[in-house]
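Next up, final22.pdb (PDB, C-alpha atoms, pLDDT in the B column):
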MODEL        1
ATOM      1  CA  GLN A   1     176.988-106.213  58.540  1.00 93.00           C
ATOM      2  CA  VAL A   2     180.000-103.945  58.729  1.00 96.00           C
ATOM      3  CA  GLN A   3     183.410-105.466  58.177  1.00 97.00           C
ATOM      4  CA  LEU A   4     186.845-103.894  58.169  1.00 98.00           C
ATOM      5  CA  GLU A   5     189.505-106.303  56.980  1.00 96.00           C
ATOM      6  CA  GLU A   6     193.157-105.381  57.500  1.00 96.00           C
ATOM      7  CA  SER A   7     196.109-106.881  55.676  1.00 95.00           C
ATOM      8  CA  GLY A   8     199.808-106.234  55.164  1.00 96.00           C
ATOM      9  CA  GLY A   9     201.279-106.657  58.613  1.00 94.00           C
ATOM     10  CA  GLY A  10     204.355-108.703  59.333  1.00 97.00           C
ATOM     11  CA  LEU A  11     207.959-108.709  60.468  1.00 98.00           C
ATOM     12  CA  VAL A  12     210.335-106.112  59.095  1.00 98.00           C
ATOM     13  CA  GLN A  13     213.820-104.926  59.980  1.00 98.00           C
ATOM     14  CA  PRO A  14     214.424-101.422  61.329  1.00 98.00           C
ATOM     15  CA  GLY A  15     214.516 -98.954  58.467  1.00 98.00           C
ATOM     16  CA  GLY A  16     212.240-101.108  56.350  1.00 98.00           C
ATOM     17  CA  SER A  17     208.786-100.476  54.945  1.00 98.00           C
ATOM     18  CA  LEU A  18     205.358-102.028  55.121  1.00 98.00           C
ATOM     19  CA  ARG A  19     202.028-101.145  53.553  1.00 98.00           C
ATOM     20  CA  LEU A  20     198.837-101.840  55.457  1.00 98.00           C
ATOM     21  CA  SER A  21     195.483-102.015  53.718  1.00 98.00           C
ATOM     22  CA  CYS A  22     191.954-102.035  55.074  1.00 98.00           C
ATOM     23  CA  THR A  23     188.950-102.925  52.962  1.00 98.00           C
ATOM     24  CA  ALA A  24     185.523-101.967  54.255  1.00 97.00           C
ATOM     25  CA  SER A  25     182.139-103.451  53.522  1.00 96.00           C
ATOM     26  CA  GLY A  26     178.661-102.706  54.803  1.00 95.00           C
ATOM     27  CA  ILE A  27     179.171 -98.929  55.015  1.00 93.00           C
ATOM     28  CA  VAL A  28     178.971 -95.992  52.644  1.00 94.00           C
ATOM     29  CA  PHE A  29     182.734 -95.774  52.640  1.00 95.00           C
ATOM     30  CA  GLY A  30     183.102 -92.327  51.141  1.00 94.00           C
ATOM     31  CA  SER A  31     181.105 -90.731  53.953  1.00 95.00           C
ATOM     32  CA  TYR A  32     183.309 -92.084  56.757  1.00 97.00           C
ATOM     33  CA  ALA A  33     186.469 -90.755  58.288  1.00 98.00           C
ATOM     34  CA  MET A  34     189.013 -93.568  58.251  1.00 98.00           C
ATOM     35  CA  GLY A  35     191.892 -94.065  60.599  1.00 98.00           C
ATOM     36  CA  TRP A  36     194.700 -96.321  61.680  1.00 98.00           C
ATOM     37  CA  TYR A  37     195.349 -96.862  65.369  1.00 98.00           C
ATOM     38  CA  ARG A  38     197.913 -99.007  67.109  1.00 98.00           C
ATOM     39  CA  GLN A  39     198.324-100.662  70.459  1.00 98.00           C
ATOM     40  CA  ALA A  40     201.627-101.887  71.818  1.00 96.00           C
ATOM     41  CA  PRO A  41     201.823-104.346  74.721  1.00 92.00           C
ATOM     42  CA  GLY A  42     201.076-102.604  77.999  1.00 94.00           C
ATOM     43  CA  LYS A  43     200.112 -99.359  76.304  1.00 96.00           C
ATOM     44  CA  GLN A  44     196.874 -97.644  75.363  1.00 97.00           C
ATOM     45  CA  ARG A  45     195.569 -97.655  71.846  1.00 97.00           C
ATOM     46  CA  GLU A  46     196.696 -94.522  70.025  1.00 98.00           C
ATOM     47  CA  LEU A  47     195.841 -92.761  66.795  1.00 98.00           C
ATOM     48  CA  VAL A  48     198.486 -93.190  64.108  1.00 98.00           C
ATOM     49  CA  ALA A  49     196.844 -91.408  61.173  1.00 98.00           C
ATOM     50  CA  SER A  50     193.418 -90.449  59.941  1.00 98.00           C
ATOM     51  CA  ILE A  51     191.868 -89.244  56.714  1.00 98.00           C
ATOM     52  CA  ARG A  52     188.514 -87.496  56.422  1.00 97.00           C
ATOM     53  CA  SER A  53     186.000 -88.106  53.714  1.00 92.00           C
ATOM     54  CA  GLY A  54     187.219 -84.955  51.990  1.00 90.00           C
ATOM     55  CA  GLY A  55     190.823 -86.115  52.086  1.00 91.00           C
ATOM     56  CA  ASN A  56     192.239 -84.067  54.970  1.00 97.00           C
ATOM     57  CA  THR A  57     194.828 -86.044  56.885  1.00 97.00           C
ATOM     58  CA  ASN A  58     196.163 -86.055  60.428  1.00 98.00           C
ATOM     59  CA  TYR A  59     199.219 -87.829  61.828  1.00 98.00           C
ATOM     60  CA  ALA A  60     200.663 -88.601  65.218  1.00 98.00           C
ATOM     61  CA  ASP A  61     203.855 -86.623  65.768  1.00 98.00           C
ATOM     62  CA  SER A  62     205.812 -89.858  66.124  1.00 97.00           C
ATOM     63  CA  VAL A  63     205.050 -90.931  62.523  1.00 98.00           C
ATOM     64  CA  LYS A  64     205.034 -87.610  60.657  1.00 98.00           C
ATOM     65  CA  GLY A  65     207.292 -87.730  57.637  1.00 97.00           C
ATOM     66  CA  ARG A  66     207.492 -91.542  57.750  1.00 98.00           C
ATOM     67  CA  PHE A  67     203.894 -92.750  57.342  1.00 98.00           C
ATOM     68  CA  THR A  68     201.345 -91.806  54.690  1.00 98.00           C
ATOM     69  CA  ILE A  69     197.634 -92.531  54.826  1.00 98.00           C
ATOM     70  CA  SER A  70     195.529 -92.638  51.670  1.00 98.00           C
ATOM     71  CA  ARG A  71     192.082 -93.771  50.633  1.00 97.00           C
ATOM     72  CA  ASP A  72     190.483 -95.105  47.477  1.00 97.00           C
ATOM     73  CA  ASN A  73     186.744 -94.563  47.708  1.00 96.00           C
ATOM     74  CA  ALA A  74     186.117 -96.561  44.536  1.00 96.00           C
ATOM     75  CA  LYS A  75     187.676 -99.629  46.171  1.00 97.00           C
ATOM     76  CA  ASN A  76     186.467 -98.963  49.744  1.00 97.00           C
ATOM     77  CA  THR A  77     190.074 -99.117  50.854  1.00 98.00           C
ATOM     78  CA  VAL A  78     192.329 -97.131  53.148  1.00 98.00           C
ATOM     79  CA  ASN A  79     196.082 -97.678  53.112  1.00 98.00           C
ATOM     80  CA  LEU A  80     198.932 -96.850  55.432  1.00 98.00           C
ATOM     81  CA  GLN A  81     202.378 -96.695  53.865  1.00 98.00           C
ATOM     82  CA  MET A  82     204.971 -97.030  56.612  1.00 98.00           C
ATOM     83  CA  ASN A  83     208.590 -96.170  55.840  1.00 98.00           C
ATOM     84  CA  SER A  84     211.710 -95.920  57.987  1.00 98.00           C
ATOM     85  CA  LEU A  85     210.154 -98.226  60.530  1.00 98.00           C
ATOM     86  CA  LYS A  86     211.514 -98.266  64.064  1.00 98.00           C
ATOM     87  CA  PRO A  87     211.291-100.897  66.806  1.00 97.00           C
ATOM     88  CA  GLU A  88     208.929 -98.579  68.684  1.00 96.00           C
ATOM     89  CA  ASP A  89     206.444 -98.906  65.811  1.00 98.00           C
ATOM     90  CA  THR A  90     205.876-102.502  66.872  1.00 98.00           C
ATOM     91  CA  ALA A  91     202.191-102.907  67.717  1.00 98.00           C
ATOM     92  CA  VAL A  92     198.885-104.298  66.585  1.00 98.00           C
ATOM     93  CA  TYR A  93     197.471-101.897  64.013  1.00 98.00           C
ATOM     94  CA  TYR A  94     193.721-101.401  63.782  1.00 98.00           C
ATOM     95  CA  CYS A  95     191.600 -99.918  61.047  1.00 98.00           C
ATOM     96  CA  ASN A  96     188.780 -97.605  62.149  1.00 98.00           C
ATOM     97  CA  ALA A  97     185.749 -96.134  60.397  1.00 98.00           C
ATOM     98  CA  GLN A  98     183.910 -93.274  62.045  1.00 97.00           C
ATOM     99  CA  ARG A  99     180.908 -91.128  61.233  1.00 97.00           C
ATOM    100  CA  GLY A 100     178.961 -89.402  63.961  1.00 94.00           C
ATOM    101  CA  PHE A 101     177.849 -92.036  66.477  1.00 95.00           C
ATOM    102  CA  TYR A 102     178.982 -94.853  64.205  1.00 96.00           C
ATOM    103  CA  ASP A 103     182.381 -96.276  65.096  1.00 96.00           C
ATOM    104  CA  TYR A 104     183.719 -99.535  63.642  1.00 97.00           C
ATOM    105  CA  TRP A 105     186.961-101.450  64.143  1.00 98.00           C
ATOM    106  CA  GLY A 106     188.870-104.138  62.354  1.00 97.00           C
ATOM    107  CA  GLN A 107     190.421-107.144  64.076  1.00 96.00           C
ATOM    108  CA  GLY A 108     193.940-105.751  63.853  1.00 97.00           C
ATOM    109  CA  THR A 109     197.154-106.789  62.150  1.00 97.00           C
ATOM    110  CA  GLN A 110     200.504-107.289  63.872  1.00 98.00           C
ATOM    111  CA  VAL A 111     203.486-105.198  62.845  1.00 98.00           C
ATOM    112  CA  THR A 112     206.819-106.195  64.331  1.00 98.00           C
ATOM    113  CA  VAL A 113     209.973-104.180  63.695  1.00 98.00           C
ATOM    114  CA  SER A 114     213.018-106.121  64.784  1.00 97.00           C
ATOM    115  CA  SER A 115     216.429-107.171  63.584  1.00 95.00           C
TER     116      SER A 115
ENDMDL
END
Transcribe the structure of this file into structure tokens.
Amino acid sequence: QVQLEESGGGLVQPGGSLRLSCTASGIVFGSYAMGWYRQAPGKQRELVASIRSGGNTNYADSVKGRFTISRDNAKNTVNLQMNSLKPEDTAVYYCNAQRGFYDYWGQGTQVTVSS
């Protein structure tokens, strides 16, 4: 059974930082591309950042220079360091694992940026 468990969400003031973590089980973690997506109320789910099994990364333009994705294959974990947070970053953040036809999602963690 595949499980992706997110943690680290919460309430933060504008300009603050949060670190999201996702721990995977039931997959050969190192062979999967991992990603973070987010969905704000009334909006479609969008890619925030992704990291391939070889370490190549990709970021949405809106988070470049503020967010950093990383992975630890020994711990089956992918992290998203979020700095200089803005109110428009408020959303539910989802962890994703993808390899070919295999596509898995976590339950999501709420991030709220508000003063």
Mind giving me the straight-line distance from atom CA of A:Met34 to atom CA of A:Pro87 in Å, one decimal?
25.0 Å
Go ahead and compute the interatomic distance for atom CA of A:Ala24 and atom CA of A:Gly42, in Å to one decimal.
28.4 Å
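Distances to A:Ser25 were evaluated for A:Ala74, A:Leu47, A:Val2, A:Leu85 using only C-alpha atoms, and the minimum falls at A:Val2.
Closest to A:Arg38 among A:Gly65, A:Gly55, A:Gly108, A:Gly8 is A:Gly108, based on all atoms listed in the file.
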Smallest atom-to-atom distance to A:Gln3: which of A:Leu80, A:Cys95, A:Leu20, A:Ala33, using only C-alpha atoms?
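Nearest candidate to A:Gln3 out of A:Leu80, A:Cys95, A:Leu20, A:Ala33: A:Cys95.
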With the file shown as input, list the residues that the PyMOL selection byres ((chain A and resi 54) around 10) selects, as a ChimeraX atom specification.
/A:30-33,51-53,55-57
Using all atoms listed in the file, which of the listed residues (A:Val111, A:Gly35, A:Ser62, A:Lys43) sits closest to A:Arg99?
A:Gly35
Tell me which residues come within 12 Å of (199.8, -105.4, 57.0), as number ranges by chain, counting all atoms listed in the file in the file's coordinates.
A: 5-12, 17-23, 36, 78-82, 90-95, 107-112
Would you mind exporting the chosen residues as a PDB file, in the coordinates of the input, restricted to C-alpha atoms?
ATOM      1  CA  GLU A   5     189.505-106.303  56.980  1.00 96.00           C
ATOM      2  CA  GLU A   6     193.157-105.381  57.500  1.00 96.00           C
ATOM      3  CA  SER A   7     196.109-106.881  55.676  1.00 95.00           C
ATOM      4  CA  GLY A   8     199.808-106.234  55.164  1.00 96.00           C
ATOM      5  CA  GLY A   9     201.279-106.657  58.613  1.00 94.00           C
ATOM      6  CA  GLY A  10     204.355-108.703  59.333  1.00 97.00           C
ATOM      7  CA  LEU A  11     207.959-108.709  60.468  1.00 98.00           C
ATOM      8  CA  VAL A  12     210.335-106.112  59.095  1.00 98.00           C
ATOM      9  CA  SER A  17     208.786-100.476  54.945  1.00 98.00           C
ATOM     10  CA  LEU A  18     205.358-102.028  55.121  1.00 98.00           C
ATOM     11  CA  ARG A  19     202.028-101.145  53.553  1.00 98.00           C
ATOM     12  CA  LEU A  20     198.837-101.840  55.457  1.00 98.00           C
ATOM     13  CA  SER A  21     195.483-102.015  53.718  1.00 98.00           C
ATOM     14  CA  CYS A  22     191.954-102.035  55.074  1.00 98.00           C
ATOM     15  CA  THR A  23     188.950-102.925  52.962  1.00 98.00           C
ATOM     16  CA  TRP A  36     194.700 -96.321  61.680  1.00 98.00           C
ATOM     17  CA  VAL A  78     192.329 -97.131  53.148  1.00 98.00           C
ATOM     18  CA  ASN A  79     196.082 -97.678  53.112  1.00 98.00           C
ATOM     19  CA  LEU A  80     198.932 -96.850  55.432  1.00 98.00           C
ATOM     20  CA  GLN A  81     202.378 -96.695  53.865  1.00 98.00           C
ATOM     21  CA  MET A  82     204.971 -97.030  56.612  1.00 98.00           C
ATOM     22  CA  THR A  90     205.876-102.502  66.872  1.00 98.00           C
ATOM     23  CA  ALA A  91     202.191-102.907  67.717  1.00 98.00           C
ATOM     24  CA  VAL A  92     198.885-104.298  66.585  1.00 98.00           C
ATOM     25  CA  TYR A  93     197.471-101.897  64.013  1.00 98.00           C
ATOM     26  CA  TYR A  94     193.721-101.401  63.782  1.00 98.00           C
ATOM     27  CA  CYS A  95     191.600 -99.918  61.047  1.00 98.00           C
ATOM     28  CA  GLN A 107     190.421-107.144  64.076  1.00 96.00           C
ATOM     29  CA  GLY A 108     193.940-105.751  63.853  1.00 97.00           C
ATOM     30  CA  THR A 109     197.154-106.789  62.150  1.00 97.00           C
ATOM     31  CA  GLN A 110     200.504-107.289  63.872  1.00 98.00           C
ATOM     32  CA  VAL A 111     203.486-105.198  62.845  1.00 98.00           C
ATOM     33  CA  THR A 112     206.819-106.195  64.331  1.00 98.00           C
TER      34      THR A 112
END
Would you work out the distance separating atom CA of A:Ala40 from atom CA of A:Gly106, expressed in Å to one decimal?
16.0 Å
Might you pull out every residue within 10 Å of A:Gly16, with all atoms listed in the file counted and same-chain residues fewer than 6 positions away left off, and present them as a PyMOL selection string?
chain A and resi 82-86+113-114
Work out where the centre of an axis-aligned box around every listed atom of stretch 54-64 of chain A lies and how long its edges are once 3 Å is added on each side; give both in Å to one decimal as lines of an AutoDock Vina configuration file.
center_x = 196.5
center_y = -87.5
center_z = 59.1
size_x = 24.6
size_y = 12.9
size_z = 20.1
Rank nothing, just name the residue among A:Leu4, A:Pro14, A:Phe29, A:Gly100 nearest to A:Asn73, using only C-alpha atoms.
A:Phe29
Kindly indicate which residue among A:Tyr37, A:Asp72, A:Val63, A:Asp89 lies nearest to A:Trp105, using only C-alpha atoms for the distances.
A:Tyr37
Would you mind exporting stretch 32-111 of chain A with C-alpha atoms, as a compact mmCIF listing (two decimals), in the first residue's frame?
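Generated output (out-v8.txt):
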# COMPACT_ATOMS: atom_id res chain seq x y z
CA TYR A 32 10.02 8.31 -8.57
CA ALA A 33 9.78 11.93 -9.53
CA MET A 34 8.42 13.82 -6.54
CA GLY A 35 6.46 17.01 -6.55
CA TRP A 36 4.53 19.51 -4.51
CA TYR A 37 1.25 20.87 -5.84
CA ARG A 38 -1.18 23.31 -4.30
CA GLN A 39 -4.83 24.15 -4.63
CA ALA A 40 -6.36 27.39 -3.42
CA PRO A 41 -10.12 27.77 -2.92
CA GLY A 42 -11.87 28.14 -6.26
CA LYS A 43 -8.72 27.45 -8.24
CA GLN A 44 -7.25 24.47 -10.04
CA ARG A 45 -4.48 22.41 -8.55
CA GLU A 46 -1.12 23.67 -9.78
CA LEU A 47 2.46 22.44 -9.73
CA VAL A 48 4.63 24.27 -7.22
CA ALA A 49 7.91 22.37 -7.57
CA SER A 50 9.18 19.00 -8.66
CA ILE A 51 12.38 17.01 -8.37
CA ARG A 52 13.33 14.08 -10.58
CA SER A 53 14.99 10.94 -9.38
CA GLY A 54 18.29 12.31 -10.65
CA GLY A 55 17.86 15.55 -8.74
CA ASN A 56 16.78 17.95 -11.49
CA THR A 57 14.30 20.48 -10.18
CA ASN A 58 11.51 22.57 -11.66
CA TYR A 59 9.61 25.47 -10.10
CA ALA A 60 6.51 27.48 -10.85
CA ASP A 61 7.45 31.03 -11.81
CA SER A 62 5.49 32.36 -8.85
CA VAL A 63 7.76 30.61 -6.32
CA LYS A 64 11.17 30.80 -8.00
CA GLY A 65 13.77 32.24 -5.66
CA ARG A 66 11.52 31.73 -2.62
CA PHE A 67 10.87 27.97 -2.46
CA THR A 68 13.37 25.11 -2.55
CA ILE A 69 12.53 21.46 -3.10
CA SER A 70 14.88 18.71 -1.95
CA ARG A 71 14.80 14.96 -1.48
CA ASP A 72 16.49 12.46 0.79
CA ASN A 73 16.30 9.05 -0.83
CA ALA A 74 17.71 7.34 2.26
CA LYS A 75 14.76 8.62 4.30
CA ASN A 76 12.11 8.41 1.54
CA THR A 77 11.42 12.08 2.11
CA VAL A 78 10.85 15.14 -0.05
CA ASN A 79 10.88 18.61 1.48
CA LEU A 80 9.69 22.02 0.41
CA GLN A 81 11.35 24.98 2.10
CA MET A 82 9.13 28.02 1.66
CA ASN A 83 10.55 31.46 2.41
CA SER A 84 9.19 34.98 1.97
CA LEU A 85 5.67 33.64 2.03
CA LYS A 86 2.87 35.74 0.59
CA PRO A 87 -0.89 35.65 1.19
CA GLU A 88 -1.31 34.27 -2.33
CA ASP A 89 0.65 31.17 -1.26
CA THR A 90 -2.31 30.19 0.89
CA ALA A 91 -3.53 26.79 -0.28
CA VAL A 92 -3.67 23.11 0.48
CA TYR A 93 -0.32 21.63 -0.49
CA TYR A 94 -0.16 18.09 -1.83
CA CYS A 95 2.74 15.72 -2.19
CA ASN A 96 2.92 13.72 -5.42
CA ALA A 97 4.94 10.70 -6.54
CA GLN A 98 5.06 9.87 -10.23
CA ARG A 99 6.69 7.23 -12.38
CA GLY A 100 5.28 6.32 -15.75
CA PHE A 101 1.63 5.33 -15.28
CA TYR A 102 1.98 5.36 -11.51
CA ASP A 103 0.73 8.54 -9.87
CA TYR A 104 0.18 8.86 -6.11
CA TRP A 105 -1.05 11.71 -3.91
CA GLY A 106 -0.95 12.61 -0.28
CA GLN A 107 -3.94 13.92 1.67
CA GLY A 108 -2.68 17.49 1.67
CA THR A 109 -1.60 19.97 4.32
CA GLN A 110 -3.02 23.47 4.77
CA VAL A 111 -0.74 26.48 4.49
